[in-house]
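Asker: Data file entry.txt (compact mmCIF, C-alpha atoms) is appended below.
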# COMPACT_ATOMS: atom_id res chain seq x y z
CA MET B 11 71.72 95.19 60.04
CA LYS B 12 73.79 92.20 61.17
CA HIS B 13 77.21 92.45 59.60
CA ILE B 14 80.94 91.84 59.79
CA PHE B 15 83.54 94.55 59.16
CA ASN B 16 87.15 93.58 58.51
CA LYS B 17 89.50 96.55 58.16
CA GLY B 18 91.88 96.23 55.23
CA THR B 19 95.59 96.96 55.13
CA ASP B 20 95.27 99.60 52.39
CA PRO B 21 92.72 102.38 53.16
CA SER B 22 92.99 103.73 49.61
CA LYS B 23 91.35 100.55 48.25
CA PRO B 24 87.57 100.33 47.83
CA THR B 25 85.54 98.83 50.66
CA LEU B 26 84.02 95.56 49.43
CA LEU B 27 80.32 95.25 50.31
CA LEU B 28 79.34 91.57 50.39
CA LEU B 29 75.69 90.61 49.81
CA HIS B 30 74.76 86.92 50.05
CA GLY B 31 72.16 84.87 48.19
CA THR B 32 68.87 83.53 49.61
CA GLY B 33 69.52 81.39 52.68
CA GLY B 34 73.06 82.67 53.08
CA ASN B 35 74.61 84.87 55.72
CA GLU B 36 77.40 87.38 56.26
CA LEU B 37 80.06 84.64 56.26
CA ASP B 38 79.24 83.19 52.82
CA LEU B 39 81.12 85.53 50.52
CA LEU B 40 84.16 86.30 52.69
CA PRO B 41 86.34 83.89 50.62
CA LEU B 42 85.31 85.84 47.48
CA ALA B 43 86.54 89.10 48.96
CA GLY B 44 89.95 87.54 49.57
CA ARG B 45 90.15 86.45 45.93
CA ILE B 46 89.09 89.87 44.64
CA ASP B 47 91.32 92.04 46.85
CA ASP B 48 92.95 90.77 50.05
CA GLU B 49 94.08 94.29 51.03
CA ALA B 50 90.64 95.93 50.92
CA SER B 51 88.28 96.50 53.85
CA VAL B 52 85.25 94.22 53.82
CA LEU B 53 81.70 94.97 54.98
CA SER B 54 79.58 91.82 54.81
CA VAL B 55 75.86 92.24 55.56
CA ARG B 56 73.07 89.80 56.38
CA GLY B 57 69.63 90.37 54.85
CA ASN B 58 66.91 91.51 57.25
CA ILE B 59 64.10 89.40 55.75
CA LEU B 60 63.39 85.75 56.54
CA GLU B 61 61.67 83.53 53.98
CA ASN B 62 60.91 80.12 55.52
CA GLY B 63 63.81 80.73 57.89
CA MET B 64 66.20 81.77 55.10
CA PRO B 65 67.75 85.26 55.19
CA ARG B 66 67.06 87.50 52.19
CA PHE B 67 67.47 91.21 51.43
CA PHE B 68 63.84 91.83 50.39
CA ARG B 69 60.56 89.96 50.07
CA ARG B 70 59.29 88.27 46.94
CA LEU B 71 55.74 87.27 46.01
CA ALA B 72 56.89 84.19 44.08
CA GLU B 73 60.01 82.85 42.34
CA GLY B 74 61.23 85.76 40.19
CA VAL B 75 58.38 88.08 41.32
CA PHE B 76 59.67 90.77 43.66
CA ASP B 77 57.63 92.63 46.27
CA GLU B 78 58.38 96.03 44.76
CA GLU B 79 57.27 98.07 47.77
CA ASP B 80 59.51 96.04 50.08
CA LEU B 81 62.38 96.19 47.59
CA ILE B 82 62.24 100.00 47.59
CA PHE B 83 62.08 100.11 51.41
CA ARG B 84 64.92 97.61 51.90
CA THR B 85 67.11 99.35 49.31
CA LYS B 86 66.68 102.62 51.22
CA GLU B 87 67.43 100.80 54.49
CA LEU B 88 70.66 99.34 53.09
CA ASN B 89 71.74 102.69 51.62
CA GLU B 90 71.24 104.38 55.00
CA PHE B 91 73.12 101.53 56.72
CA LEU B 92 76.08 102.21 54.39
CA ASP B 93 75.99 105.89 55.44
CA GLU B 94 76.13 104.88 59.11
CA ALA B 95 78.74 102.13 58.66
CA SER B 96 81.11 104.45 56.76
CA GLN B 97 81.11 106.84 59.73
CA LYS B 98 81.36 104.09 62.37
CA TYR B 99 84.24 102.28 60.65
CA ASP B 100 85.82 105.34 59.02
CA PHE B 101 85.87 104.22 55.38
CA ASP B 102 85.25 106.29 52.25
CA ARG B 103 81.48 106.28 51.57
CA ASN B 104 82.16 107.13 47.92
CA ASN B 105 84.46 104.17 47.36
CA ILE B 106 82.30 101.07 47.86
CA ILE B 107 82.23 98.13 45.45
CA ALA B 108 79.35 95.71 46.01
CA ILE B 109 79.85 91.99 45.43
CA GLY B 110 76.50 90.23 45.36
CA TYR B 111 75.22 86.79 44.47
CA SER B 112 71.63 86.11 43.37
CA ASN B 113 69.36 87.92 45.88
CA GLY B 114 72.39 89.92 47.06
CA ALA B 115 73.18 90.89 43.47
CA ASN B 116 69.58 92.03 43.05
CA ILE B 117 69.71 94.39 46.06
CA ALA B 118 73.09 95.71 44.80
CA ALA B 119 71.53 96.37 41.38
CA SER B 120 68.63 98.06 43.15
CA LEU B 121 71.08 100.40 44.92
CA LEU B 122 72.38 101.42 41.47
CA PHE B 123 68.84 101.85 40.14
CA HIS B 124 67.67 104.05 43.02
CA TYR B 125 70.71 105.95 44.34
CA GLN B 126 73.24 107.65 42.09
CA ASP B 127 76.01 107.70 44.69
CA ALA B 128 75.34 104.50 46.66
CA LEU B 129 78.12 102.51 44.96
CA LYS B 130 81.25 103.20 42.94
CA GLY B 131 80.76 99.89 41.15
CA ALA B 132 79.45 96.36 41.52
CA ILE B 133 80.21 92.72 40.80
CA LEU B 134 76.84 91.05 40.24
CA HIS B 135 76.74 87.25 40.15
CA HIS B 136 73.48 86.02 38.55
CA PRO B 137 71.38 89.17 39.06
CA MET B 138 67.91 89.97 37.75
CA VAL B 139 66.45 93.34 36.76
CA PRO B 140 65.29 94.68 40.15
CA ARG B 141 62.56 96.99 38.80
CA LYS B 142 61.04 97.44 35.37
CA GLY B 143 59.93 100.70 33.80
CA MET B 144 61.81 103.16 35.99
CA ASP B 145 64.19 105.97 35.12
CA LEU B 146 67.68 105.26 36.40
CA PRO B 147 69.97 107.97 37.77
CA ASP B 148 73.01 109.01 35.75
CA LEU B 149 75.57 106.29 36.46
CA SER B 150 78.49 107.94 34.66
CA GLY B 151 81.77 106.79 36.18
CA LYS B 152 80.26 103.59 37.60
CA SER B 153 81.63 100.19 36.54
CA VAL B 154 79.62 96.97 36.74
CA PHE B 155 80.59 93.34 36.14
CA ILE B 156 77.74 90.89 35.53
CA ALA B 157 78.34 87.13 35.65
CA ALA B 158 75.53 85.10 34.09
CA GLY B 159 74.79 81.50 33.17
CA THR B 160 73.52 80.51 29.73
CA ASN B 161 71.50 77.72 31.39
CA ASP B 162 70.42 79.63 34.50
CA PRO B 163 66.86 78.46 35.35
CA ILE B 164 66.26 81.37 37.76
CA CYS B 165 67.79 84.27 35.83
CA SER B 166 67.36 83.91 32.07
CA PRO B 167 70.02 85.12 29.61
CA LEU B 168 67.47 87.69 28.37
CA GLU B 169 67.22 89.12 31.88
CA SER B 170 71.02 89.45 32.14
CA ALA B 171 71.19 91.20 28.77
CA GLU B 172 68.32 93.53 29.74
CA LEU B 173 70.09 94.52 32.95
CA GLN B 174 73.27 95.25 30.99
CA SER B 175 71.30 97.42 28.55
CA LEU B 176 69.51 99.38 31.28
CA LEU B 177 72.74 100.12 33.12
CA GLU B 178 74.56 101.11 29.92
CA HIS B 179 71.72 103.46 28.96
CA ALA B 180 72.29 105.10 32.36
CA ASN B 181 75.96 105.60 31.31
CA ALA B 182 77.51 102.86 33.46
CA LYS B 183 80.37 100.81 31.98
CA VAL B 184 79.22 97.18 32.00
CA GLU B 185 81.02 93.93 31.30
CA LEU B 186 78.80 90.86 30.90
CA HIS B 187 80.55 87.52 31.38
CA TRP B 188 78.87 84.25 30.37
CA GLU B 189 79.39 80.80 31.83
CA ASN B 190 77.83 77.75 30.18
CA LYS B 191 76.33 76.85 33.56
CA GLY B 192 73.22 77.35 35.68
CA HIS B 193 72.63 79.57 38.72
CA GLN B 194 75.64 78.38 40.73
CA LEU B 195 78.61 80.59 41.55
CA THR B 196 81.60 79.18 39.66
CA VAL B 197 85.33 79.47 40.33
CA GLU B 198 85.79 80.67 36.73
CA GLU B 199 83.39 83.61 37.04
CA VAL B 200 84.93 84.66 40.37
CA GLU B 201 88.39 84.65 38.80
CA THR B 202 87.14 86.65 35.80
CA ALA B 203 85.52 89.15 38.20
CA ALA B 204 88.83 89.43 40.08
CA GLN B 205 90.69 90.19 36.82
CA TRP B 206 88.06 92.84 35.93
CA TYR B 207 88.41 94.43 39.38
CA ARG B 208 92.22 94.53 39.26
CA LYS B 209 92.14 96.15 35.83
CA LEU B 210 89.89 98.97 37.05
CA PHE B 211 90.59 99.50 40.75
CA ILE B 212 94.21 98.54 41.43
Please express what this file holds, its structure, as structure tokens.

Answerer:
Amino acid sequence: MKHIFNKGTDPSKPTLLLLHGTGGNELDLLPLAGRIDDEASVLSVRGNILENGMPRFFRRLAEGVFDEEDLIFRTKELNEFLDEASQKYDFDRNNIIAIGYSNGANIAASLLFHYQDALKGAILHHPMVPRKGMDLPDLSGKSVFIAAGTNDPICSPLESAELQSLLEHANAKVELHWENKGHQLTVEEVETAAQWYRKLFI
């Protein structure tokens, strides 16, 4: 997978896994990583799927309708990439915090849904529920921050609340933060995510 790895100054910090939104690339979220933790290593990945020339992490059949088979395959592909990258760049595979926006948040949530040890935690900006009706692994010890918009036309407030509930039922600790905004990534939600991260991981 196309990616950037920037080694941090403090190897004890989590590695921040950056996952962009539809049409983005591995450069998009680098400023976010600096605001969250400027001492941590950063692994920023580009999605392998193209939709009308726009990079994504998995296919969809329509707006809000995921190609479930491709989602499962791409989630496995990303999880295996993390295994390989941790060896190549010598970072702790068990200490990865994903930071995803929109489509990137959805693939990060899918990692949590499918693989118990894929992530230590996640910051999910405007995610949806990746798959319905599946049994999640035990996510005890995992911490998740969800940023959602009360007027988000792509990801409804009900969807955000459902994702929180599913993760909590799998024993993850979840904080759901609301902005009175739409689907855009706001400075306020990034700052709130940074405060959440510092409270838990620094």

Asker: Go through segment 127-194 of chain B and flag each residue having an atom no more than 9 Å from segment 115-123 of chain B; for those, report the closest pair of atoms plus their distance in Å to one decimal, using all atoms listed in the file, ordered by chain and rising number, as a tab-separated table.

Answerer:
residue	atom	partner	partner_atom	distance
B:Asp127	CA	B:Leu122	CA	7.9
B:Ala128	CA	B:Leu121	CA	6.2
B:Leu129	CA	B:Leu122	CA	6.8
B:Gly131	CA	B:Leu122	CA	8.5
B:Ala132	CA	B:Ala118	CA	7.2
B:Ile133	CA	B:Ala115	CA	7.7
B:Leu134	CA	B:Ala115	CA	4.9
B:His135	CA	B:Ala115	CA	6.1
B:His136	CA	B:Ala115	CA	6.9
B:Pro137	CA	B:Ala115	CA	5.1
B:Met138	CA	B:Asn116	CA	5.9
B:Val139	CA	B:Asn116	CA	7.1
B:Pro140	CA	B:Ser120	CA	5.6
B:Arg141	CA	B:Ser120	CA	7.5
B:Met144	CA	B:Phe123	CA	8.3
B:Asp145	CA	B:Phe123	CA	8.0
B:Leu146	CA	B:Phe123	CA	5.2
B:Pro147	CA	B:Phe123	CA	6.7
B:Leu149	CA	B:Leu122	CA	7.7
B:Leu173	CA	B:Ala119	CA	8.7
B:Leu177	CA	B:Phe123	CA	8.2

Asker: Could you work out how far atom CA of Leu186 of chain B lies from atom CA of Val154 of chain B, giving the answer in Å with one decimal?

Answerer: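 The value is 8.5 Å.
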
Asker: Tell me which protein, DNA and RNA residues are within 9 Å of segment 59-75 of chain B, counting all atoms listed in the file, leaving out same-chain ones fewer than 4 positions away, and put them as a list of chain:residue names.

Answerer: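 These residues fall inside the cut-off: B:Leu29, B:His30, B:Gly31, B:Thr32, B:Gly33, B:Gly34, B:Asn35, B:Asp80, B:Leu81, B:Ile82, B:Phe83, B:Arg84, B:Thr85, B:Leu88, B:Asn113, B:Gly114, B:Asn116, B:Ile117, B:Met138, B:Ile164, B:Cys165.
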
Asker: Starting from the point (90.8, 99.6, 48.0), work out which residues of protein, DNA or RNA have an atom no more than 6 Å away when counting all atoms listed in the file; state them as an NGL selection string.

Answerer: :B and (22-25 or 50)

Asker: Restricting the calculation to all atoms listed in the file: of B:Ser170, B:Ser96, B:Ser175, B:Asn16, which residue gets closest to Trp188 of chain B?

Answerer: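 The closest residue to Trp188 of chain B is B:Ser170.
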
Asker: Tell me, in Å to one decimal, how far atom CA of Thr202 of chain B is from atom CA of Arg45 of chain B.

Answerer: 10.6 Å
